[in-house]
Amino acid sequence: MSAAAEMARLREAVAAVRGAAGTRPRVGIVLGTGLGGLAEAIEAEVSIPYEDLPHFPVSTVESHRGKLLLGTLEGVPVVAMQGRFHRYEGYALAQIAFPVRVMKLLGADTLIVSAACGGMNPLWGPGDLVLLDDHINFMGDGPLTGPNLDELGPRFPDMSAPYDPGLQKAAAAVAMAEGIVLRRGVYVAVTGPQLETRAEYRMLRAMGADVVGMSTVPEVIAARHMGLRVLAVTVITDQCLPDALEEADVPTIIATAQAAEPGLARLVRGVLGGLDGGRPDPGPA
């Protein structure tokens, strides 16, 4: 698909969202596995099923509700994905990036990403929140493959600091004030949907990763291509220690993410409340 055709698809989706909601979001939020409940804290103006939006992928994962929410959180206008998309569902990474690009064109200048992950750092445990300060793309592809969308960003975007230092500092301050355990580490993105073998966990850990998951990185790359500031926080839902590896239990993984959600919600709300004192950026309509 040409760059012009993709931009036309993006504008069509943006027009549909703007036709349903008057909110001009400042912050985009992606809610991952077991973490969709944070959406309940949003004072929503409108909730739009993905299937009602032109060219949007549709969530096929049971724990992802598949809705786009527009409203306010801590006084900040937001657009939130209540459920995301994954390579293992059969989507190309450019399709996964599509909603993030829509968020940018709607007016967002910041992206907050949450996800569930497996923990490979032996000093951390299930339920811990991890603030990402770097990542490894091990998906074998990237969302910027193909014609560059020059209107959105450069052909070769810099990735020396994919996660915004200022937002990381703000998140750390909120965690300290709220008594939330907040680790800081490196996320490695894999394709899935199968979980890793013991040998693969050893390899990924040796590469320098602390946690592993099947999302986040494509969205972050797309966001940085467009100049968005990014904050990403993952929840460790299971320990992936090759010498003490237990069979994965998906219901337990989802329950662990849900149990950690109140802390994640306090963290995100605290960060949003600190953006210019929580005052929305009026900007142009």
# chains A, B, ... in the order shown; residues from 1 in each chain; ligands from 1
call {"tool": "select_by_dssp", "arguments": {"residues": "range 126-273 of chain A", "states": "helix (DSSP H, G or I)", "output": "MDAnalysis selection string"}}
result
chainID A and resid 165:178 198:206 217:225 242:244 250:273
call {"tool": "residues_around", "arguments": {"residues": "range 157-172 of chain A", "least_positions_apart": "4", "cutoff": "6 Å", "atoms": "only C-alpha atoms", "output": "PyMOL selection string"}}
result
chain A and resi 133+225+229-231+271
call {"tool": "select_by_dssp", "arguments": {"residues": "range 44-280 of chain A", "states": "strand (DSSP E)", "output": "PyMOL selection string"}}
result
chain A and resi 44-49+67-73+76-82+110-119+129-137+182-189+211-213+229-239
call {"tool": "residues_around", "arguments": {"residues": "range 238-240 of chain A", "least_positions_apart": "5", "cutoff": "7 Å", "atoms": "only C-alpha atoms", "output": "list in words"}}
result
Gly118, Gly119, Met120, Gly125, Pro126, Tyr201, Leu245 and Ile253 of chain A
call {"tool": "residues_around", "arguments": {"residues": "Ala199 in chain A", "least_positions_apart": "4", "cutoff": "9 Å", "atoms": "only C-alpha atoms", "output": "short mmCIF file (atom, residue, chain, number, x, y, z; two decimals) with N, CA and C atoms, in the first residue's frame"}}
result
data_model
loop_
_atom_site.label_atom_id
_atom_site.label_comp_id
_atom_site.auth_asym_id
_atom_site.auth_seq_id
_atom_site.Cartn_x
_atom_site.Cartn_y
_atom_site.Cartn_z
N MET A 203 18.31 -17.43 26.70
CA MET A 203 18.83 -16.57 25.64
C MET A 203 18.36 -15.13 25.82
N LEU A 204 17.07 -14.93 26.06
CA LEU A 204 16.53 -13.58 26.19
C LEU A 204 17.11 -12.86 27.40
N PRO A 242 14.21 -20.31 34.01
CA PRO A 242 14.37 -21.59 33.31
C PRO A 242 14.69 -22.77 34.22
#
call {"tool": "atom_distance", "arguments": {"atom1": "CA of Ala5 in chain A", "atom2": "CA of Val78 in chain A"}}
result
27.2 Å
call {"tool": "residues_around", "arguments": {"residues": "Leu105 in chain A", "least_positions_apart": "4", "cutoff": "10 Å", "atoms": "only C-alpha atoms", "output": "list of chain:residue names"}}
result
A:Leu10, A:Arg11, A:Ala13, A:Val14, A:Ala15, A:Arg24, A:Pro25, A:Pro99, A:Val100, A:Arg101, A:Asp109, A:Leu152, A:Met226
call {"tool": "write_last_selection", "arguments": {"atoms": "N, CA and C atoms", "output": "short mmCIF file (atom, residue, chain, number, x, y, z; two decimals), in the first residue's frame"}}
result
data_model
loop_
_atom_site.label_atom_id
_atom_site.label_comp_id
_atom_site.auth_asym_id
_atom_site.auth_seq_id
_atom_site.Cartn_x
_atom_site.Cartn_y
_atom_site.Cartn_z
N LEU A 10 -6.00 6.54 7.42
CA LEU A 10 -5.88 7.15 8.75
C LEU A 10 -6.85 8.32 8.90
N ARG A 11 -6.92 9.16 7.88
CA ARG A 11 -7.80 10.34 7.96
C ARG A 11 -9.27 9.91 8.03
N ALA A 13 -10.40 7.17 9.45
CA ALA A 13 -10.63 6.71 10.82
C ALA A 13 -10.71 7.89 11.79
N VAL A 14 -9.82 8.87 11.63
CA VAL A 14 -9.84 10.06 12.48
C VAL A 14 -11.16 10.81 12.33
N ALA A 15 -11.64 10.95 11.11
CA ALA A 15 -12.91 11.65 10.87
C ALA A 15 -14.06 10.93 11.57
N ARG A 24 -10.71 16.52 22.20
CA ARG A 24 -9.42 16.51 21.49
C ARG A 24 -8.40 15.97 22.47
N PRO A 25 -8.05 14.70 22.37
CA PRO A 25 -7.20 14.08 23.39
C PRO A 25 -5.78 14.63 23.40
N PRO A 99 -3.88 2.26 15.26
CA PRO A 99 -4.59 3.07 16.26
C PRO A 99 -3.70 4.13 16.93
N VAL A 100 -2.42 3.83 17.11
CA VAL A 100 -1.52 4.82 17.71
C VAL A 100 -1.37 6.02 16.77
N ARG A 101 -1.30 5.76 15.49
CA ARG A 101 -1.23 6.85 14.53
C ARG A 101 -2.52 7.67 14.53
N ASP A 109 -0.11 14.01 22.23
CA ASP A 109 1.34 14.22 22.16
C ASP A 109 2.09 13.28 23.11
N LEU A 152 4.06 11.94 8.98
CA LEU A 152 4.06 11.56 10.39
C LEU A 152 5.44 11.58 11.02
N MET A 226 6.51 9.32 15.38
CA MET A 226 5.70 10.53 15.25
C MET A 226 6.05 11.59 16.30
#
call {"tool": "residues_around", "arguments": {"residues": "Leu132 in chain A", "least_positions_apart": "5", "cutoff": "6 Å", "atoms": "only C-alpha atoms", "output": "PDB file with N, CA and C atoms, in the first residue's frame"}}
result
ATOM      1  N   ARG A 184      12.417  -1.136  37.342  1.00  0.00           N
ATOM      2  CA  ARG A 184      12.793  -0.455  36.094  1.00  0.00           C
ATOM      3  C   ARG A 184      13.650  -1.418  35.282  1.00  0.00           C
ATOM      4  N   GLY A 185      13.283  -1.636  34.022  1.00  0.00           N
ATOM      5  CA  GLY A 185      14.040  -2.619  33.268  1.00  0.00           C
ATOM      6  C   GLY A 185      13.785  -2.613  31.781  1.00  0.00           C
ATOM      7  N   VAL A 186      14.266  -3.695  31.142  1.00  0.00           N
ATOM      8  CA  VAL A 186      14.249  -3.839  29.686  1.00  0.00           C
ATOM      9  C   VAL A 186      13.229  -4.902  29.293  1.00  0.00           C
ATOM     10  N   ALA A 232       5.800   3.557  29.484  1.00  0.00           N
ATOM     11  CA  ALA A 232       5.303   2.186  29.431  1.00  0.00           C
ATOM     12  C   ALA A 232       5.526   1.496  30.761  1.00  0.00           C
TER      13      ALA A 232
END
call {"tool": "atom_distance", "arguments": {"atom1": "CA of Leu106 in chain A", "atom2": "CA of Gly153 in chain A"}}
result
15.7 Å
call {"tool": "atom_distance", "arguments": {"atom1": "CA of Met81 in chain A", "atom2": "CA of Ala97 in chain A"}}
result
12.1 Å
call {"tool": "closest_residue", "arguments": {"among": "A:Gly66, A:Gly22, A:Gly83, A:Gly36", "to": "Glu51 in chain A", "atoms": "only C-alpha atoms"}}
result
A:Gly66
call {"tool": "residues_around", "arguments": {"residues": "Glu43 in chain A", "least_positions_apart": "2", "cutoff": "12 Å", "atoms": "only C-alpha atoms", "output": "list in words"}}
result
Thr23, Leu38, Ala39, Glu40, Ala41, Glu45, Val46, Ser47, Leu69, Leu70, Gly71, Thr72, Leu73, Glu74, Gly75, Val76, Pro77, Val78, Val79 and Ala80 of chain A
call {"tool": "closest_residue", "arguments": {"among": "A:Gly227, A:Pro49, A:Gly192, A:Gly37", "to": "Ala20 in chain A", "atoms": "only C-alpha atoms"}}
result
A:Pro49
call {"tool": "closest_residue", "arguments": {"among": "A:Asn137, A:Gln95, A:Thr216, A:Thr191", "to": "Leu31 in chain A", "atoms": "only C-alpha atoms"}}
result
A:Thr216
